[in-house]
Structures are given as C-alpha cells and as structure tokens.
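As structure tokens, the structure follows; a few thoughts come after it.
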Amino acid sequence: MSATPDLARAASAFADPRRARVLMALTDGRALPAGRLAEEAGVATSTVSAHLALLLDLGLVVVVPQGRHRYYRLANPDVEGVLEALARIAPKTPITSLREHTRSEALRTARTCYHHLAGGFGVDLFRRLIDNGCVAGGDGRHHADDPTDRLSSPGRSDRYRLTDVGASILAEWGIPDAVLGTSTPLRYCVDWTEQAHHLSGPLGTALATRFFEAGWIGRGRVPRSIRVTDHGRDALAEFPGTARATRSA
C-alpha cells in the first residue's frame, strides 16, 4: 500500500513568510547562497539555515556544492507550480517601505515568470510580435469579461498562433526550429502587474534563453528581475518584439 501524502507537513513549509520569501527568491531558476537568501528573507544567516534545513528535509530545495560554498535551488518544477497556484489566490500585501517599492517596481518593469519574460518587458515583447505580424489570433490585452483570461494565471484560450512570417523571422534570430511550429497554439499568461498577456510555453522559454545567452539581458539585483545590458539595448531595438528598454533593476 502506498503511503498517504502528508499535505499538512508540506503546506507548513509555505506558511512561514520567511520560507515563502526564500522559495520565491529561487523561482527564477538560479542557485543562491544562504547569505543571499537570508537577505531576501530578512533574517540572519544563522536563522535562514534552519529554514533551509527544513526545506531540504521536505524535498522542496536541493543544495548544489561548489568548492567550499553551498548553493540552493528549487528541487523541481512542481515546487514552482505550487508557488504559482498560491500566488493566484493569495491576498496582496501593502507596500510599506522604500525597499519594497524598489522591488515591486523592478518586478513590474521586467522579470522572469518562471522560464519566460514578463512584466512590462514581456508584455511589450508579445504585443510587438502581434503588431509585426509574427503572431496572430489576439490583441495581447486582458479582457476581464473573458472567463479564459484570469489575472496572474496561464491563459486557457487557444487564440494565438505563430505565423509563417513570424517563424521565419524568429529562426533568423536564432530561435530553434523545434518551437517554431505554426499549427500549435501558443501559450500565454495574463501578467499580474501589467494586466495584459505575455508569451509563455516553449516559445516564450526559447526567447528568454536566447536573450540571456546573447547577453542582451541579465539578472537584476532583485530576484526574478531582469535588466537590458548596454550591448542588448541596440540589439533589442532591432528585434521584432521589444520596444521599451528596461531600467536597471
């Protein structure tokens, strides 16, 4: 007989706001040291160690040794899925400090949403792909009266398709052929800060990967935030998708 999942014990890991901040800091895929996670959680390094030990015990994070240092990352995509689901139903906390305002502004300007691009940067990217004829089937806007268009969640409509023109253009920019199919619906999310659509799924991930690998964008100081590099500013001005340059995060 298989054991019954201990849901209460797993849920307790997410119930502590310090552990929640640690987990959210890791959702951009990076492995971070305990000192950096302590800063995100707002606690001392000695305190965050106890929280990391519990998260390790529950299998929510794994440790990556590098020489004398230890780095932590989320154990698997299922943990990201839980955080995403909780974010959809959780009440929003008020901004009460300059630090929180700075973090909020950085995430709104440009961030990763799991493995794709979000915030103003991601929304503008998707909208320009639509305006340039690379993507067809929708306008990129959030429609509150549409039941498939829930804020801060994956879109549930199959409205968007990559066009033949779009597939050709993106191939020239180094996007793999495997994600350039024109018959499969494109996945998208309803961006929670911009209240508009940003591209997700395999094509959204491929675009983010290409931008990072080319050095056009880099990680910001705030976890999940991104910034356009000096090199990337010129390149992205020519890319069929990104109109608004981001500020340093």
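Quick note on naming: the chains in the structure tokens go A, B, ... in the order shown, residues restart at 1 in each chain, and ligands are numbered from 1 in order of appearance.
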
> Could you pull the residues within 9 Å of Gly155 of chain A, counting only C-alpha atoms, minus those fewer than 3 positions along the same chain, as a PyMOL selection string?
Replying inline: chain A and resi 148-151+158+187-190+197

Keeping only N, CA, C and O atoms, take the residues you just selected and write them out as a CSV table (one decimal), in the first residue's frame.
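Below is the file that was written, result_0.csv:
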```csv
chain,number,residue,atom,x,y,z
A,148,THR,N,-11.6,32.9,-19.8
A,148,THR,CA,-10.3,32.2,-20.0
A,148,THR,C,-9.2,33.2,-19.7
A,148,THR,O,-8.0,32.8,-19.8
A,149,ASP,N,-9.5,34.4,-19.3
A,149,ASP,CA,-8.5,35.4,-19.1
A,149,ASP,C,-8.3,35.9,-17.7
A,149,ASP,O,-8.6,37.0,-17.3
A,150,ARG,N,-8.0,34.9,-16.8
A,150,ARG,CA,-7.9,35.2,-15.4
A,150,ARG,C,-6.5,35.9,-15.1
A,150,ARG,O,-5.5,35.4,-15.5
A,151,LEU,N,-6.6,36.9,-14.3
A,151,LEU,CA,-5.3,37.6,-13.9
A,151,LEU,C,-4.4,36.7,-13.2
A,151,LEU,O,-4.8,35.8,-12.4
A,158,ASP,N,-7.0,29.1,-26.9
A,158,ASP,CA,-6.0,28.7,-28.0
A,158,ASP,C,-6.0,29.7,-29.1
A,158,ASP,O,-5.8,29.4,-30.3
A,187,ARG,N,1.2,29.3,-26.0
A,187,ARG,CA,0.8,29.5,-24.6
A,187,ARG,C,1.1,30.9,-24.1
A,187,ARG,O,2.1,31.6,-24.6
A,188,TYR,N,0.3,31.4,-23.2
A,188,TYR,CA,0.5,32.8,-22.7
A,188,TYR,C,0.0,32.9,-21.3
A,188,TYR,O,-0.7,32.0,-20.8
A,189,CYS,N,0.4,33.9,-20.6
A,189,CYS,CA,0.0,34.2,-19.2
A,189,CYS,C,-0.7,35.6,-19.2
A,189,CYS,O,-0.3,36.4,-20.0
A,190,VAL,N,-1.6,35.8,-18.3
A,190,VAL,CA,-2.1,37.1,-18.0
A,190,VAL,C,-1.3,37.7,-17.0
A,190,VAL,O,-1.3,37.3,-15.8
A,197,HIS,N,-1.3,40.3,-21.7
A,197,HIS,CA,-0.8,39.0,-22.0
A,197,HIS,C,0.8,39.0,-22.2
A,197,HIS,O,1.3,40.0,-22.9
```

> So which bits of segment 163-194 of chain A end up alpha helix (DSSP H) when you DSSP the backbone, as a VMD selection string?
Replying inline: chain A and resid 164 to 172

Those residues you just picked out, can you put them in a file as a short mmCIF file (atom, residue, chain, number, x, y, z; two decimals), in the first residue's frame with all heavy atoms?
```cif
data_model
loop_
_atom_site.label_atom_id
_atom_site.label_comp_id
_atom_site.auth_asym_id
_atom_site.auth_seq_id
_atom_site.Cartn_x
_atom_site.Cartn_y
_atom_site.Cartn_z
N ASP A 164 3.61 32.13 -40.40
CA ASP A 164 4.74 31.70 -41.22
C ASP A 164 5.82 32.78 -41.24
O ASP A 164 7.02 32.48 -41.16
CB ASP A 164 4.28 31.40 -42.65
CG ASP A 164 3.40 30.16 -42.73
OD1 ASP A 164 3.52 29.30 -41.84
OD2 ASP A 164 2.61 30.06 -43.69
N VAL A 165 5.39 34.03 -41.34
CA VAL A 165 6.34 35.15 -41.33
C VAL A 165 7.08 35.18 -39.99
O VAL A 165 8.30 35.36 -39.94
CB VAL A 165 5.61 36.49 -41.57
CG1 VAL A 165 6.54 37.67 -41.32
CG2 VAL A 165 5.07 36.54 -42.99
N GLY A 166 6.34 35.02 -38.90
CA GLY A 166 6.94 35.04 -37.58
C GLY A 166 7.95 33.92 -37.40
O GLY A 166 9.04 34.13 -36.84
N ALA A 167 7.61 32.71 -37.87
CA ALA A 167 8.53 31.58 -37.75
C ALA A 167 9.83 31.86 -38.50
O ALA A 167 10.93 31.56 -38.02
CB ALA A 167 7.87 30.31 -38.26
N SER A 168 9.70 32.45 -39.69
CA SER A 168 10.89 32.77 -40.49
C SER A 168 11.76 33.81 -39.82
O SER A 168 12.99 33.68 -39.74
CB SER A 168 10.45 33.25 -41.87
OG SER A 168 11.56 33.63 -42.65
N ILE A 169 11.13 34.86 -39.30
CA ILE A 169 11.88 35.94 -38.65
C ILE A 169 12.59 35.43 -37.39
O ILE A 169 13.78 35.71 -37.18
CB ILE A 169 10.95 37.11 -38.30
CG1 ILE A 169 10.50 37.82 -39.58
CG2 ILE A 169 11.63 38.10 -37.36
CD1 ILE A 169 9.46 38.90 -39.35
N LEU A 170 11.87 34.69 -36.56
CA LEU A 170 12.47 34.22 -35.32
C LEU A 170 13.58 33.20 -35.57
O LEU A 170 14.56 33.15 -34.81
CB LEU A 170 11.39 33.62 -34.41
CG LEU A 170 10.36 34.63 -33.88
CD1 LEU A 170 9.34 33.92 -32.99
CD2 LEU A 170 11.02 35.76 -33.12
N ALA A 171 13.46 32.42 -36.64
CA ALA A 171 14.54 31.49 -36.98
C ALA A 171 15.81 32.26 -37.32
O ALA A 171 16.92 31.84 -36.95
CB ALA A 171 14.12 30.61 -38.16
N GLU A 172 15.67 33.39 -38.00
CA GLU A 172 16.83 34.21 -38.34
C GLU A 172 17.51 34.77 -37.09
O GLU A 172 18.71 35.08 -37.11
CB GLU A 172 16.41 35.37 -39.25
CG GLU A 172 15.97 34.92 -40.64
CD GLU A 172 15.46 36.09 -41.48
OE1 GLU A 172 15.47 37.23 -40.96
OE2 GLU A 172 15.07 35.86 -42.63
#
```

> So, counting only C-alpha atoms, which residue among A:Thr193, A:Leu52, A:Gly137, A:Leu86 is closest to Ala11 of chain A?
Replying inline: A:Leu86

>> I need the residue nearest Ala208 of chain A from this list: A:Asn76, A:Ser46, A:Thr112, A:Thr229. Use only C-alpha atoms for the distance.
In response: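 Nearest candidate to Ala208 of chain A out of A:Asn76, A:Ser46, A:Thr112, A:Thr229: A:Thr112.
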
>> For a quick check of understanding, using only C-alpha atoms, which of A:Arg111, A:Asp177, A:Pro147, A:Ser157 has the smallest distance to Ile217 of chain A?
In response: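 Nearest to Ile217 of chain A: A:Arg111.
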